[in-house]
>>> print(open('data.txt').read())   # compact mmCIF, N, CA, C and O atoms
# COMPACT_ATOMS: atom_id res chain seq x y z
N TYR A 1 88.85 83.63 25.07
CA TYR A 1 89.34 83.59 23.71
C TYR A 1 88.27 83.12 22.72
O TYR A 1 88.18 83.63 21.62
N GLY A 2 87.50 82.13 23.14
CA GLY A 2 86.49 81.57 22.25
C GLY A 2 85.42 82.57 21.86
O GLY A 2 85.00 82.62 20.71
N LYS A 3 84.95 83.38 22.80
CA LYS A 3 83.92 84.38 22.50
C LYS A 3 84.42 85.43 21.53
O LYS A 3 83.63 86.02 20.81
N CYS A 4 85.71 85.63 21.51
CA CYS A 4 86.31 86.62 20.60
C CYS A 4 86.62 86.01 19.24
O CYS A 4 87.14 86.69 18.36
N GLY A 5 86.33 84.73 19.06
CA GLY A 5 86.59 84.07 17.79
C GLY A 5 88.00 83.54 17.64
O GLY A 5 88.37 83.04 16.59
N SER A 6 88.79 83.61 18.69
CA SER A 6 90.17 83.13 18.64
C SER A 6 90.20 81.67 19.10
O SER A 6 90.66 81.35 20.19
N LEU A 7 89.72 80.80 18.23
CA LEU A 7 89.59 79.39 18.59
C LEU A 7 90.94 78.70 18.79
O LEU A 7 91.05 77.81 19.63
N GLU A 8 91.94 79.11 18.04
CA GLU A 8 93.26 78.51 18.22
C GLU A 8 93.80 78.79 19.62
O GLU A 8 94.34 77.90 20.27
N ASP A 9 93.64 80.03 20.08
CA ASP A 9 94.09 80.37 21.43
C ASP A 9 93.26 79.66 22.49
O ASP A 9 93.79 79.15 23.48
N ALA A 10 91.95 79.59 22.26
CA ALA A 10 91.07 78.89 23.20
C ALA A 10 91.45 77.42 23.28
O ALA A 10 91.55 76.85 24.37
N ARG A 11 91.69 76.81 22.13
CA ARG A 11 92.04 75.39 22.10
C ARG A 11 93.40 75.16 22.75
O ARG A 11 93.61 74.16 23.45
N SER A 12 94.33 76.07 22.53
CA SER A 12 95.65 75.96 23.14
C SER A 12 95.54 75.97 24.66
O SER A 12 96.18 75.16 25.34
N MET A 13 94.74 76.87 25.19
CA MET A 13 94.54 76.94 26.64
C MET A 13 93.85 75.67 27.14
O MET A 13 94.24 75.10 28.16
N PHE A 14 92.85 75.22 26.42
CA PHE A 14 92.11 74.02 26.79
C PHE A 14 93.03 72.80 26.83
O PHE A 14 92.96 71.99 27.75
N ASP A 15 93.88 72.68 25.83
CA ASP A 15 94.79 71.54 25.75
C ASP A 15 95.82 71.52 26.88
O ASP A 15 96.38 70.47 27.18
N ARG A 16 96.05 72.67 27.49
CA ARG A 16 97.00 72.74 28.61
C ARG A 16 96.39 72.33 29.94
O ARG A 16 97.13 72.12 30.91
N ILE A 17 95.09 72.23 30.00
CA ILE A 17 94.42 71.85 31.25
C ILE A 17 94.68 70.37 31.50
O ILE A 17 94.35 69.52 30.66
N LEU A 18 95.24 70.05 32.64
CA LEU A 18 95.57 68.65 32.94
C LEU A 18 94.34 67.83 33.32
O LEU A 18 94.19 66.70 32.85
N LEU A 19 93.51 68.36 34.17
CA LEU A 19 92.30 67.67 34.60
C LEU A 19 91.09 68.46 34.14
O LEU A 19 90.64 69.38 34.81
N ARG A 20 90.56 68.09 32.99
CA ARG A 20 89.42 68.81 32.42
C ARG A 20 88.13 68.31 33.06
O ARG A 20 87.88 67.11 33.07
N ASP A 21 87.33 69.23 33.54
CA ASP A 21 86.03 68.87 34.09
C ASP A 21 84.94 69.30 33.11
O ASP A 21 85.22 69.82 32.03
N VAL A 22 83.70 69.08 33.50
CA VAL A 22 82.58 69.40 32.62
C VAL A 22 82.54 70.88 32.27
O VAL A 22 82.17 71.26 31.16
N VAL A 23 82.96 71.74 33.18
CA VAL A 23 82.95 73.18 32.93
C VAL A 23 83.95 73.54 31.82
O VAL A 23 83.61 74.31 30.90
N SER A 24 85.14 73.00 31.88
CA SER A 24 86.13 73.31 30.84
C SER A 24 85.70 72.73 29.49
O SER A 24 85.86 73.39 28.45
N TRP A 25 85.14 71.54 29.49
CA TRP A 25 84.62 70.95 28.25
C TRP A 25 83.50 71.82 27.68
O TRP A 25 83.45 72.09 26.48
N ASN A 26 82.57 72.25 28.55
CA ASN A 26 81.47 73.08 28.09
C ASN A 26 81.96 74.40 27.50
O ASN A 26 81.41 74.88 26.51
N ALA A 27 82.98 74.98 28.11
CA ALA A 27 83.53 76.23 27.59
C ALA A 27 84.08 76.03 26.19
O ALA A 27 83.85 76.86 25.29
N MET A 28 84.79 74.93 25.97
CA MET A 28 85.38 74.69 24.66
C MET A 28 84.30 74.34 23.64
O MET A 28 84.32 74.83 22.50
N ILE A 29 83.34 73.53 24.03
CA ILE A 29 82.22 73.19 23.14
C ILE A 29 81.46 74.45 22.77
O ILE A 29 81.11 74.67 21.61
N SER A 30 81.21 75.30 23.75
CA SER A 30 80.50 76.55 23.50
C SER A 30 81.27 77.47 22.56
O SER A 30 80.70 78.10 21.67
N ALA A 31 82.58 77.53 22.74
CA ALA A 31 83.41 78.38 21.87
C ALA A 31 83.30 77.95 20.41
O ALA A 31 83.09 78.77 19.52
N TYR A 32 83.43 76.65 20.17
CA TYR A 32 83.29 76.16 18.81
C TYR A 32 81.86 76.36 18.31
O TYR A 32 81.64 76.72 17.15
N GLY A 33 80.89 76.15 19.18
CA GLY A 33 79.50 76.32 18.79
C GLY A 33 79.17 77.75 18.41
O GLY A 33 78.49 78.00 17.40
N GLN A 34 79.64 78.70 19.19
CA GLN A 34 79.38 80.12 18.92
C GLN A 34 80.01 80.56 17.60
O GLN A 34 79.59 81.56 17.03
N ASN A 35 80.98 79.82 17.15
CA ASN A 35 81.65 80.15 15.90
C ASN A 35 81.21 79.23 14.75
O ASN A 35 81.85 79.21 13.70
N GLY A 36 80.13 78.46 14.98
CA GLY A 36 79.52 77.67 13.92
C GLY A 36 80.23 76.41 13.50
O GLY A 36 80.04 75.93 12.39
N HIS A 37 81.02 75.82 14.39
CA HIS A 37 81.80 74.63 14.05
C HIS A 37 81.13 73.37 14.62
O HIS A 37 81.64 72.76 15.57
N CYS A 38 80.04 72.96 14.02
CA CYS A 38 79.27 71.82 14.52
C CYS A 38 80.08 70.54 14.54
O CYS A 38 80.04 69.79 15.52
N LYS A 39 80.80 70.26 13.49
CA LYS A 39 81.56 69.01 13.43
C LYS A 39 82.57 68.94 14.58
O LYS A 39 82.73 67.89 15.21
N GLN A 40 83.23 70.05 14.87
CA GLN A 40 84.20 70.06 15.97
C GLN A 40 83.49 69.91 17.31
O GLN A 40 84.03 69.29 18.23
N VAL A 41 82.29 70.45 17.44
CA VAL A 41 81.50 70.28 18.66
C VAL A 41 81.22 68.80 18.88
O VAL A 41 81.36 68.29 20.00
N LEU A 42 80.86 68.09 17.83
CA LEU A 42 80.59 66.66 17.95
C LEU A 42 81.85 65.88 18.29
O LEU A 42 81.81 64.94 19.09
N VAL A 43 82.97 66.28 17.70
CA VAL A 43 84.26 65.64 18.02
C VAL A 43 84.57 65.83 19.50
O VAL A 43 84.97 64.89 20.20
N LEU A 44 84.40 67.06 19.99
CA LEU A 44 84.67 67.34 21.40
C LEU A 44 83.75 66.56 22.32
O LEU A 44 84.19 66.05 23.35
N LEU A 45 82.48 66.44 21.95
CA LEU A 45 81.55 65.65 22.77
C LEU A 45 82.03 64.21 22.86
O LEU A 45 82.06 63.62 23.95
N CYS A 46 82.45 63.64 21.74
CA CYS A 46 82.95 62.26 21.76
C CYS A 46 84.22 62.14 22.60
O CYS A 46 84.37 61.18 23.35
N GLN A 47 85.12 63.11 22.48
CA GLN A 47 86.35 63.08 23.28
C GLN A 47 86.02 63.20 24.77
O GLN A 47 86.64 62.52 25.59
N MET A 48 85.08 64.05 25.08
CA MET A 48 84.65 64.23 26.47
C MET A 48 84.15 62.91 27.04
O MET A 48 84.55 62.50 28.14
N LEU A 49 83.30 62.25 26.29
CA LEU A 49 82.76 60.96 26.73
C LEU A 49 83.87 59.91 26.83
O LEU A 49 83.91 59.14 27.79
N ASP A 50 84.79 59.91 25.86
CA ASP A 50 85.90 58.96 25.88
C ASP A 50 86.80 59.16 27.10
O ASP A 50 87.38 58.20 27.60
N GLU A 51 86.92 60.41 27.56
CA GLU A 51 87.75 60.70 28.73
C GLU A 51 87.00 60.47 30.04
O GLU A 51 87.54 60.69 31.12
N GLY A 52 85.75 60.01 29.93
CA GLY A 52 85.00 59.68 31.13
C GLY A 52 84.37 60.86 31.85
O GLY A 52 83.95 60.73 33.00
N VAL A 53 84.27 62.00 31.18
CA VAL A 53 83.63 63.17 31.78
C VAL A 53 82.15 63.12 31.42
O VAL A 53 81.79 63.03 30.25
N LYS A 54 81.30 63.16 32.43
CA LYS A 54 79.86 63.08 32.22
C LYS A 54 79.32 64.45 31.81
O LYS A 54 79.48 65.42 32.53
N PRO A 55 78.69 64.53 30.63
CA PRO A 55 78.12 65.80 30.20
C PRO A 55 76.95 66.20 31.10
O PRO A 55 76.34 65.35 31.76
N ASP A 56 76.64 67.49 31.11
CA ASP A 56 75.48 67.96 31.85
C ASP A 56 74.50 68.61 30.87
O ASP A 56 74.71 68.56 29.65
N SER A 57 73.44 69.19 31.39
CA SER A 57 72.42 69.77 30.51
C SER A 57 73.00 70.90 29.67
O SER A 57 72.61 71.08 28.51
N ILE A 58 73.94 71.65 30.22
CA ILE A 58 74.57 72.74 29.46
C ILE A 58 75.32 72.19 28.25
O ILE A 58 75.27 72.76 27.16
N THR A 59 75.99 71.06 28.44
CA THR A 59 76.69 70.42 27.32
C THR A 59 75.73 70.16 26.18
O THR A 59 75.98 70.53 25.03
N PHE A 60 74.60 69.52 26.52
CA PHE A 60 73.66 69.13 25.47
C PHE A 60 72.93 70.31 24.85
O PHE A 60 72.66 70.31 23.65
N VAL A 61 72.64 71.33 25.63
CA VAL A 61 72.03 72.53 25.05
C VAL A 61 72.98 73.17 24.05
O VAL A 61 72.56 73.58 22.96
N ASN A 62 74.27 73.22 24.38
CA ASN A 62 75.26 73.76 23.45
C ASN A 62 75.36 72.91 22.18
O ASN A 62 75.40 73.44 21.07
N VAL A 63 75.41 71.60 22.35
CA VAL A 63 75.54 70.70 21.20
C VAL A 63 74.31 70.79 20.31
O VAL A 63 74.42 70.97 19.09
N VAL A 64 73.13 70.70 20.91
CA VAL A 64 71.90 70.75 20.12
C VAL A 64 71.74 72.11 19.45
O VAL A 64 71.40 72.19 18.27
N GLY A 65 72.02 73.17 20.19
CA GLY A 65 71.89 74.52 19.63
C GLY A 65 72.82 74.76 18.46
O GLY A 65 72.47 75.42 17.49
N THR A 66 74.01 74.20 18.53
CA THR A 66 74.98 74.37 17.45
C THR A 66 74.65 73.51 16.25
O THR A 66 74.78 73.94 15.10
N CYS A 67 74.21 72.30 16.49
CA CYS A 67 74.06 71.32 15.41
C CYS A 67 72.62 71.15 14.93
O CYS A 67 72.33 70.24 14.16
N ALA A 68 71.73 72.03 15.36
CA ALA A 68 70.32 71.90 14.99
C ALA A 68 70.10 71.98 13.48
O ALA A 68 69.16 71.40 12.96
N TRP A 69 70.97 72.66 12.79
CA TRP A 69 70.81 72.83 11.34
C TRP A 69 71.22 71.60 10.54
O TRP A 69 70.97 71.52 9.35
N LEU A 70 71.84 70.63 11.20
CA LEU A 70 72.27 69.42 10.49
C LEU A 70 71.07 68.73 9.83
O LEU A 70 70.03 68.57 10.45
N GLN A 71 71.25 68.33 8.64
CA GLN A 71 70.19 67.61 7.94
C GLN A 71 70.52 66.13 7.80
O GLN A 71 69.80 65.40 7.15
N THR A 72 71.61 65.71 8.42
CA THR A 72 72.01 64.31 8.32
C THR A 72 71.56 63.57 9.58
O THR A 72 71.95 63.91 10.69
N LEU A 73 70.74 62.61 9.37
CA LEU A 73 70.14 61.86 10.46
C LEU A 73 71.14 61.14 11.36
O LEU A 73 70.95 61.13 12.57
N PRO A 74 72.22 60.56 10.84
CA PRO A 74 73.15 59.85 11.74
C PRO A 74 73.69 60.73 12.87
O PRO A 74 73.72 60.31 14.02
N GLU A 75 74.12 61.96 12.55
CA GLU A 75 74.65 62.84 13.58
C GLU A 75 73.57 63.22 14.59
O GLU A 75 73.81 63.26 15.78
N LEU A 76 72.38 63.51 14.09
CA LEU A 76 71.28 63.86 14.99
C LEU A 76 70.92 62.69 15.89
O LEU A 76 70.63 62.87 17.08
N ASN A 77 70.96 61.48 15.35
CA ASN A 77 70.68 60.29 16.15
C ASN A 77 71.73 60.09 17.23
O ASN A 77 71.41 59.68 18.35
N VAL A 78 73.00 60.37 16.92
CA VAL A 78 74.07 60.24 17.90
C VAL A 78 73.85 61.22 19.05
O VAL A 78 73.99 60.87 20.22
N ILE A 79 73.50 62.45 18.70
CA ILE A 79 73.24 63.46 19.74
C ILE A 79 72.07 63.01 20.61
O ILE A 79 72.16 63.04 21.85
N HIS A 80 70.98 62.60 20.00
CA HIS A 80 69.80 62.18 20.75
C HIS A 80 70.09 60.96 21.61
O HIS A 80 69.69 60.89 22.78
N ALA A 81 70.80 60.00 21.07
CA ALA A 81 71.16 58.79 21.83
C ALA A 81 72.03 59.14 23.04
O ALA A 81 71.86 58.57 24.12
N SER A 82 72.93 60.08 22.86
CA SER A 82 73.79 60.51 23.96
C SER A 82 72.97 61.20 25.04
O SER A 82 73.21 61.01 26.24
N ILE A 83 72.00 61.99 24.65
CA ILE A 83 71.11 62.64 25.62
C ILE A 83 70.36 61.58 26.43
O ILE A 83 70.28 61.67 27.65
N ILE A 84 69.85 60.58 25.75
CA ILE A 84 69.10 59.52 26.44
C ILE A 84 70.02 58.71 27.35
O ILE A 84 69.69 58.46 28.51
N SER A 85 71.20 58.32 26.84
CA SER A 85 72.09 57.48 27.64
C SER A 85 72.63 58.21 28.87
O SER A 85 73.00 57.57 29.85
N ASN A 86 72.66 59.53 28.81
CA ASN A 86 73.11 60.31 29.95
C ASN A 86 71.94 60.82 30.80
O ASN A 86 72.13 61.66 31.68
N GLU A 87 70.76 60.33 30.49
CA GLU A 87 69.54 60.57 31.28
C GLU A 87 69.13 62.04 31.34
O GLU A 87 68.72 62.55 32.38
N PHE A 88 69.19 62.71 30.19
CA PHE A 88 68.75 64.10 30.12
C PHE A 88 67.50 64.27 29.27
O PHE A 88 67.11 65.40 28.97
N GLU A 89 66.86 63.16 28.87
CA GLU A 89 65.69 63.28 28.01
C GLU A 89 64.51 63.96 28.71
O GLU A 89 63.65 64.53 28.08
N ALA A 90 64.49 63.93 30.05
CA ALA A 90 63.40 64.58 30.80
C ALA A 90 63.75 66.00 31.23
O ALA A 90 62.91 66.70 31.79
N ASP A 91 64.98 66.44 30.96
CA ASP A 91 65.40 67.80 31.32
C ASP A 91 64.64 68.80 30.45
O ASP A 91 64.66 68.71 29.23
N VAL A 92 63.97 69.76 31.07
CA VAL A 92 63.13 70.72 30.34
C VAL A 92 63.94 71.55 29.36
O VAL A 92 63.53 71.74 28.20
N VAL A 93 65.10 72.03 29.76
CA VAL A 93 65.92 72.87 28.88
C VAL A 93 66.45 72.06 27.70
O VAL A 93 66.39 72.52 26.55
N VAL A 94 66.93 70.87 27.95
CA VAL A 94 67.42 70.00 26.86
C VAL A 94 66.27 69.62 25.95
O VAL A 94 66.39 69.64 24.73
N GLY A 95 65.11 69.29 26.55
CA GLY A 95 63.93 68.94 25.76
C GLY A 95 63.50 70.08 24.85
O GLY A 95 63.15 69.86 23.68
N THR A 96 63.55 71.30 25.35
CA THR A 96 63.20 72.47 24.53
C THR A 96 64.19 72.62 23.38
O THR A 96 63.79 72.91 22.24
N ALA A 97 65.45 72.42 23.65
CA ALA A 97 66.47 72.49 22.59
C ALA A 97 66.20 71.43 21.53
O ALA A 97 66.33 71.69 20.33
N LEU A 98 65.81 70.23 21.97
CA LEU A 98 65.51 69.16 21.01
C LEU A 98 64.29 69.50 20.16
O LEU A 98 64.28 69.25 18.94
N VAL A 99 63.27 70.07 20.76
CA VAL A 99 62.07 70.46 20.01
C VAL A 99 62.44 71.48 18.94
O VAL A 99 61.97 71.42 17.80
N ASN A 100 63.31 72.42 19.31
CA ASN A 100 63.73 73.44 18.35
C ASN A 100 64.61 72.87 17.25
O ASN A 100 64.77 73.49 16.21
N MET A 101 65.19 71.69 17.49
CA MET A 101 66.06 71.06 16.51
C MET A 101 65.21 70.59 15.34
O MET A 101 65.51 70.62 14.23
>>> encode(input="data.txt", output="structure tokens")
Amino acid sequence: YGKCGSLEDARSMFDRILLRDVVSWNAMISAYGQNGHCKQVLVLLCQMLDEGVKPDSITFVNVVGTCAWLQTLPELNVIHASIISNEFEADVVVGTALVNM
């Protein structure tokens, strides 16, 4: 649903998942990202962390790729701090996404 731009349907399906893992979170983050919704991507990342799901490199590549255009330092700092706290600062793919940011 997300790739087709039907975010409401994608979110409805996502909300029905009882045990969300990193793959389901990444799918939802990617759906919002592909449709240019950076703020919602950041909200989802925070919810993911609050629910105790550990992000992976795909999560951060999606977040950085979506939110690279942000010109507000606080949001960029939150993304970077999350990458560091989750120990992905040495990941080549995440590092490349950060350089492009």
>>> closest_residue(input="data.txt", among="A:Leu49, A:Cys4, A:Leu42, A:Leu19", to="Ser85 of chain A", atoms="only C-alpha atoms")
A:Leu49
>>> closest_residue(input="data.txt", among="A:Ala97, A:Cys46, A:Ile83, A:Ala90", to="Ala68 of chain A", atoms="all atoms listed in the file")
A:Ala97
>>> residues_around(input="data.txt", residues="Val53 of chain A", least_positions_apart="5", cutoff="8 Å", atoms="only N, CA, C and O atoms", output="CSV table (one decimal) with N, CA, C and O atoms, in the frame of the given file")
chain,number,residue,atom,x,y,z
A,20,ARG,N,90.6,68.1,33.0
A,20,ARG,CA,89.4,68.8,32.4
A,20,ARG,C,88.1,68.3,33.1
A,20,ARG,O,87.9,67.1,33.1
A,21,ASP,N,87.3,69.2,33.5
A,21,ASP,CA,86.0,68.9,34.1
A,21,ASP,C,84.9,69.3,33.1
A,21,ASP,O,85.2,69.8,32.0
A,22,VAL,N,83.7,69.1,33.5
A,22,VAL,CA,82.6,69.4,32.6
A,22,VAL,C,82.5,70.9,32.3
A,22,VAL,O,82.2,71.3,31.2
A,44,LEU,N,84.4,67.1,20.0
A,44,LEU,CA,84.7,67.3,21.4
A,44,LEU,C,83.8,66.6,22.3
A,44,LEU,O,84.2,66.0,23.4
A,45,LEU,N,82.5,66.4,22.0
A,45,LEU,CA,81.6,65.6,22.8
A,45,LEU,C,82.0,64.2,22.9
A,45,LEU,O,82.1,63.6,24.0
A,46,CYS,N,82.4,63.6,21.7
A,46,CYS,CA,83.0,62.3,21.8
A,46,CYS,C,84.2,62.1,22.6
A,46,CYS,O,84.4,61.2,23.4
A,47,GLN,N,85.1,63.1,22.5
A,47,GLN,CA,86.4,63.1,23.3
A,47,GLN,C,86.0,63.2,24.8
A,47,GLN,O,86.6,62.5,25.6
A,48,MET,N,85.1,64.0,25.1
A,48,MET,CA,84.6,64.2,26.5
A,48,MET,C,84.2,62.9,27.0
A,48,MET,O,84.6,62.5,28.1
>>> residues_around(input="data.txt", residues="Asn86 of chain A", least_positions_apart="3", cutoff="8 Å", atoms="only N, CA, C and O atoms", output="list in words")
Lys54, Pro55, Asp56, Ser57, Ile79, His80, Ala81, Ser82, Ile83 and Glu89 of chain A
>>> atom_distance(input="data.txt", atom1="atom C of Val61 of chain A", atom2="atom C of Val93 of chain A")
7.6 Å
>>> atom_distance(input="data.txt", atom1="atom CA of Asn100 of chain A", atom2="atom CA of Ser24 of chain A")
25.6 Å
>>> residues_near_point(input="data.txt", point="(89.5, 74.9, 18.7)", cutoff="8 Å", atoms="only N, CA, C and O atoms", output="count of residues only")
11
>>> atom_distance(input="data.txt", atom1="atom O of Asn35 of chain A", atom2="atom CA of Val64 of chain A")
14.6 Å
